[in-house]
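Participant: This is the structure, below, for whatever I ask next.
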Amino acid sequence: MRRTASLTVPIGPRDHVLGPDNAPVSMVEYGDFECPFCGQAYPIVAELIQRYGNRMRYAFRHFPLATAHPYAEKAAEAAEAAGAQGKFWEMHNILYTHQDALDPDSLTEYAATIDLDLPRFTRELAEGVHALRVREDFRSGIRSGVNGTPSFFINGFRHDGGYDYAELAAAIEAAGR
Amino acid sequence: MTSAPEAMAAPAGPLPPGAQAPDFTLHSTPDQTVSLHDFKGQPVILAFYPADWSPVCGDQMVLYNEILPEFRAHNAELLGISVDGAWCHLAFAHERKLQFPLLSDFEPKGQIAKTYGVYRKGDGTTERALFVLDADGRVHWSYVSPVGVNPGADGILTALESLPRQGAA
């Protein structure tokens, strides 16, 4: 029997979301800031968000493949630490455009460029304050059938096709009909 | 040629729940072997996959490597199996930092996959197939994914959760 993998945790208040709650299409990405394929998808997703505007709601969840990508876990926590200061998306954008430099010093540098409270940011990273939150995303991903990064869920169902612009746009259009 | 296994008719599809899982001994490295009966008394996950060196970092084995703690919480052992040779597995496991054994169903090629009903004749590889075996070595759950689709791990975890509870070992 063929199961279609579907999102077990719907978009909720804990998520980082762009776009209106009543948008006809919801897209959830499970991603890893150190994954080169996620990096390739990043500008495509940004373009889709721009194109669909109020017709699409987009949420990002963490899925760090930490054994393969040694900096992915702390990068995810850095995004959360920025989120705790109201700047999740600013950090998200920096991380995806600086995938070759995600070491601790670079993370602190990025925090400074977006004017975060640096002592708080570095303390939260050192103490792993946001590690549980990242793990929660990871677990919800596993239970939803995330099978690699990036994984996209469109209106709750895993998108098994490619993630170039045309394929994702076609899937979004189909879901919005 | 290999008379004993061929005398056993290969099943037409993946062994279904309830079937006794055929025992095997396969190389995990050029000088070490792993046998299914080594794990008697605990659940075992068999992950047959077509080939090492899948070109994406969304690779199935890399994913399972990350999820090992969740599998081990069920006292389950994970074994990856493909027709690649032991040296190939060694390089692949090293490069991807895999922390579970990869077994070589290499000689005679695909023999174990055939006994589990998951060999792809035309391709000369195994299916992308999952089996969860219970502590008595019986198939509890099996699943064959389209060969190009990484099945993820949710099915495995659901199967492990539905195993009868074992007494503390």
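Simple scheme: letters A, B, ... for chains in structure tokens order, numbers from 1 for residues in each chain, numbers from 1 for ligands in the order shown.
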Counting only C-alpha atoms, which residues from chain A have an atom at most 7 Å from any atom of chain B, and could you show them as a PyMOL selection string?
Facilitator: chain A and resi 65+67-68+142-149
Participant: Generate a file of the selected residues that holds C-alpha atoms, formatted as a JSON list (two decimals), in the first residue's frame.
Facilitator:
```
[["chain", "number", "residue", "atom", "x", "y", "z"],
["A", 65, "LEU", "CA", 21.90, 16.61, 9.45],
["A", 67, "THR", "CA", 26.72, 14.20, 11.51],
["A", 68, "ALA", "CA", 27.18, 15.12, 7.87],
["A", 142, "ILE", "CA", 10.93, 12.53, 10.92],
["A", 143, "ARG", "CA", 7.32, 11.71, 11.84],
["A", 144, "SER", "CA", 6.07, 13.56, 8.77],
["A", 145, "GLY", "CA", 8.30, 11.59, 6.40],
["A", 146, "VAL", "CA", 11.07, 14.09, 5.82],
["A", 147, "ASN", "CA", 13.52, 12.10, 3.73],
["A", 148, "GLY", "CA", 16.33, 14.54, 3.18],
["A", 149, "THR", "CA", 16.97, 18.22, 2.93]]
```
Participant: Between atom CA of B:Pro17 and atom CA of B:Asp134, what distance in Å does the model show, to one decimal?
Facilitator: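 Interatomic distance, atom CA of B:Pro17 to atom CA of B:Asp134: 10.0 Å.
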Participant: Report as a list in words all protein, DNA and RNA residues lying within 8 Å of B:Leu46, evaluated on only C-alpha atoms, omitting residues in the same chain fewer than 2 positions from it.
Facilitator: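 So, after excluding close chain neighbours, the residues are Val44, Phe48, Leu78, Leu79, Gly80, Ile81, Leu130, Phe131, Val132 and Leu133 of chain B.
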Participant: I'd like to know which residues of chain B are strand (DSSP E or B) (by DSSP, run on the backbone); could you write them as an MDAnalysis selection string?
Facilitator: chainID B and resid 20 25:29 32:35 44:48 77:82 102:104 106 109 119:120 125:126 128:133 138:145
Participant: Quick one: DSSP helix (DSSP H, G or I) residues in stretch 13-172 of chain A, as a VMD selection string?
Facilitator: chain A and resid 36 to 55 72 to 83 88 to 97 104 to 113 118 to 127 131 to 144 165 to 172
Participant: Please tabulate, as a tab-separated table, the residues of stretch 1-52 of chain A that come within 9 Å of stretch 97-107 of chain A, each with its closest pair of atoms and the distance in Å to one decimal, counting only C-alpha atoms and ordering rows by chain, then residue number upward.
Facilitator:
```
residue	atom	partner	partner_atom	distance
A:Phe33	CA	A:Gln99	CA	6.7
A:Glu34	CA	A:Gln99	CA	5.6
A:Cys35	CA	A:Gln99	CA	7.9
A:Pro36	CA	A:Gln99	CA	7.6
A:Gly39	CA	A:Gln99	CA	7.3
A:Tyr42	CA	A:Thr97	CA	8.5
```
Participant: Report as a list in words all protein, DNA and RNA residues lying within 12 Å of A:Ala112, evaluated on only C-alpha atoms, omitting residues in the same chain fewer than 5 positions from it.
Facilitator: Ala82, Lys87, Glu90, Met91, Ile94, Asp105, Ser106, Leu107, Asp117, Leu118, Pro119, Arg120, Phe121 and Thr122 of chain A
Participant: Hey, can you check how far atom CA of A:Phe138 sits from atom CA of A:His62?
Facilitator: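 If I compute the distance from atom CA of A:Phe138 to atom CA of A:His62, I get 6.1 Å.
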Participant: So the first atom is atom CA of B:Phe106 and the second is atom CA of B:Val83; what is the distance between them in Å, to one decimal place?
Facilitator: 4.8 Å
Participant: Excluding B:Pro101 and any residue of its chain fewer than 5 positions from it, enumerate the residues within 12 Å of it, using only C-alpha atoms, and give them as a ChimeraX atom specification.
Facilitator: /B:26-29,32-36,45-47,61,64-65,68,77-82,86,89-90,92-94
Participant: Could you save the residues just selected, with C-alpha atoms, as a PDB file, in the first residue's frame?
Facilitator:
```
ATOM      1  CA  LEU B  26      27.434 -10.945   5.238  1.00  0.00           C
ATOM      2  CA  HIS B  27      30.606  -8.897   5.202  1.00  0.00           C
ATOM      3  CA  SER B  28      30.388  -5.528   6.937  1.00  0.00           C
ATOM      4  CA  THR B  29      34.068  -4.786   6.272  1.00  0.00           C
ATOM      5  CA  GLN B  32      34.415  -8.753   9.469  1.00  0.00           C
ATOM      6  CA  THR B  33      31.015 -10.331   9.070  1.00  0.00           C
ATOM      7  CA  VAL B  34      27.633  -9.709  10.659  1.00  0.00           C
ATOM      8  CA  SER B  35      24.934 -12.351  11.074  1.00  0.00           C
ATOM      9  CA  LEU B  36      21.263 -11.753  11.601  1.00  0.00           C
ATOM     10  CA  ILE B  45      15.697  -2.880  10.948  1.00  0.00           C
ATOM     11  CA  LEU B  46      16.899  -4.090   7.544  1.00  0.00           C
ATOM     12  CA  ALA B  47      17.278  -1.247   5.064  1.00  0.00           C
ATOM     13  CA  MET B  61      21.541   6.232   4.979  1.00  0.00           C
ATOM     14  CA  TYR B  64      18.996   7.058   9.277  1.00  0.00           C
ATOM     15  CA  ASN B  65      22.382   7.840  10.781  1.00  0.00           C
ATOM     16  CA  LEU B  68      19.887   6.230  15.214  1.00  0.00           C
ATOM     17  CA  GLU B  77      19.623  -2.520  15.514  1.00  0.00           C
ATOM     18  CA  LEU B  78      19.868  -0.988  12.042  1.00  0.00           C
ATOM     19  CA  LEU B  79      21.583  -2.850   9.184  1.00  0.00           C
ATOM     20  CA  GLY B  80      21.987  -1.288   5.728  1.00  0.00           C
ATOM     21  CA  ILE B  81      22.280  -3.788   2.868  1.00  0.00           C
ATOM     22  CA  SER B  82      23.225  -3.315  -0.774  1.00  0.00           C
ATOM     23  CA  ALA B  86      32.852  -4.279   1.339  1.00  0.00           C
ATOM     24  CA  HIS B  89      30.879   0.292   1.844  1.00  0.00           C
ATOM     25  CA  LEU B  90      33.950   1.116   3.907  1.00  0.00           C
ATOM     26  CA  PHE B  92      31.048   5.285   1.821  1.00  0.00           C
ATOM     27  CA  ALA B  93      30.527   4.776   5.564  1.00  0.00           C
ATOM     28  CA  HIS B  94      33.730   6.668   6.300  1.00  0.00           C
TER      29      HIS B  94
END
```
Participant: Quick one: of B:Cys88, B:Leu163, B:Lys109, B:Arg120, who's nearest to B:Asp136, counting only C-alpha atoms?
Facilitator: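 Checking each candidate against B:Asp136, we get B:Leu163 as the closest.
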Participant: Extract, using only C-alpha atoms, all DNA, RNA and protein residues at most 6 Å from stretch 12-26 of chain A, discarding same-chain residues fewer than 5 positions from it, and format them as a VMD selection string.
Facilitator: chain A and resid 54 to 60 154 to 155 176
Participant: May I have the residues within 9 Å of B:Gln20 as a PyMOL selection string, using only C-alpha atoms and disregarding those fewer than 2 positions away in the same chain?
Facilitator: chain B and resi 15+17-18+22-23+133+136-139
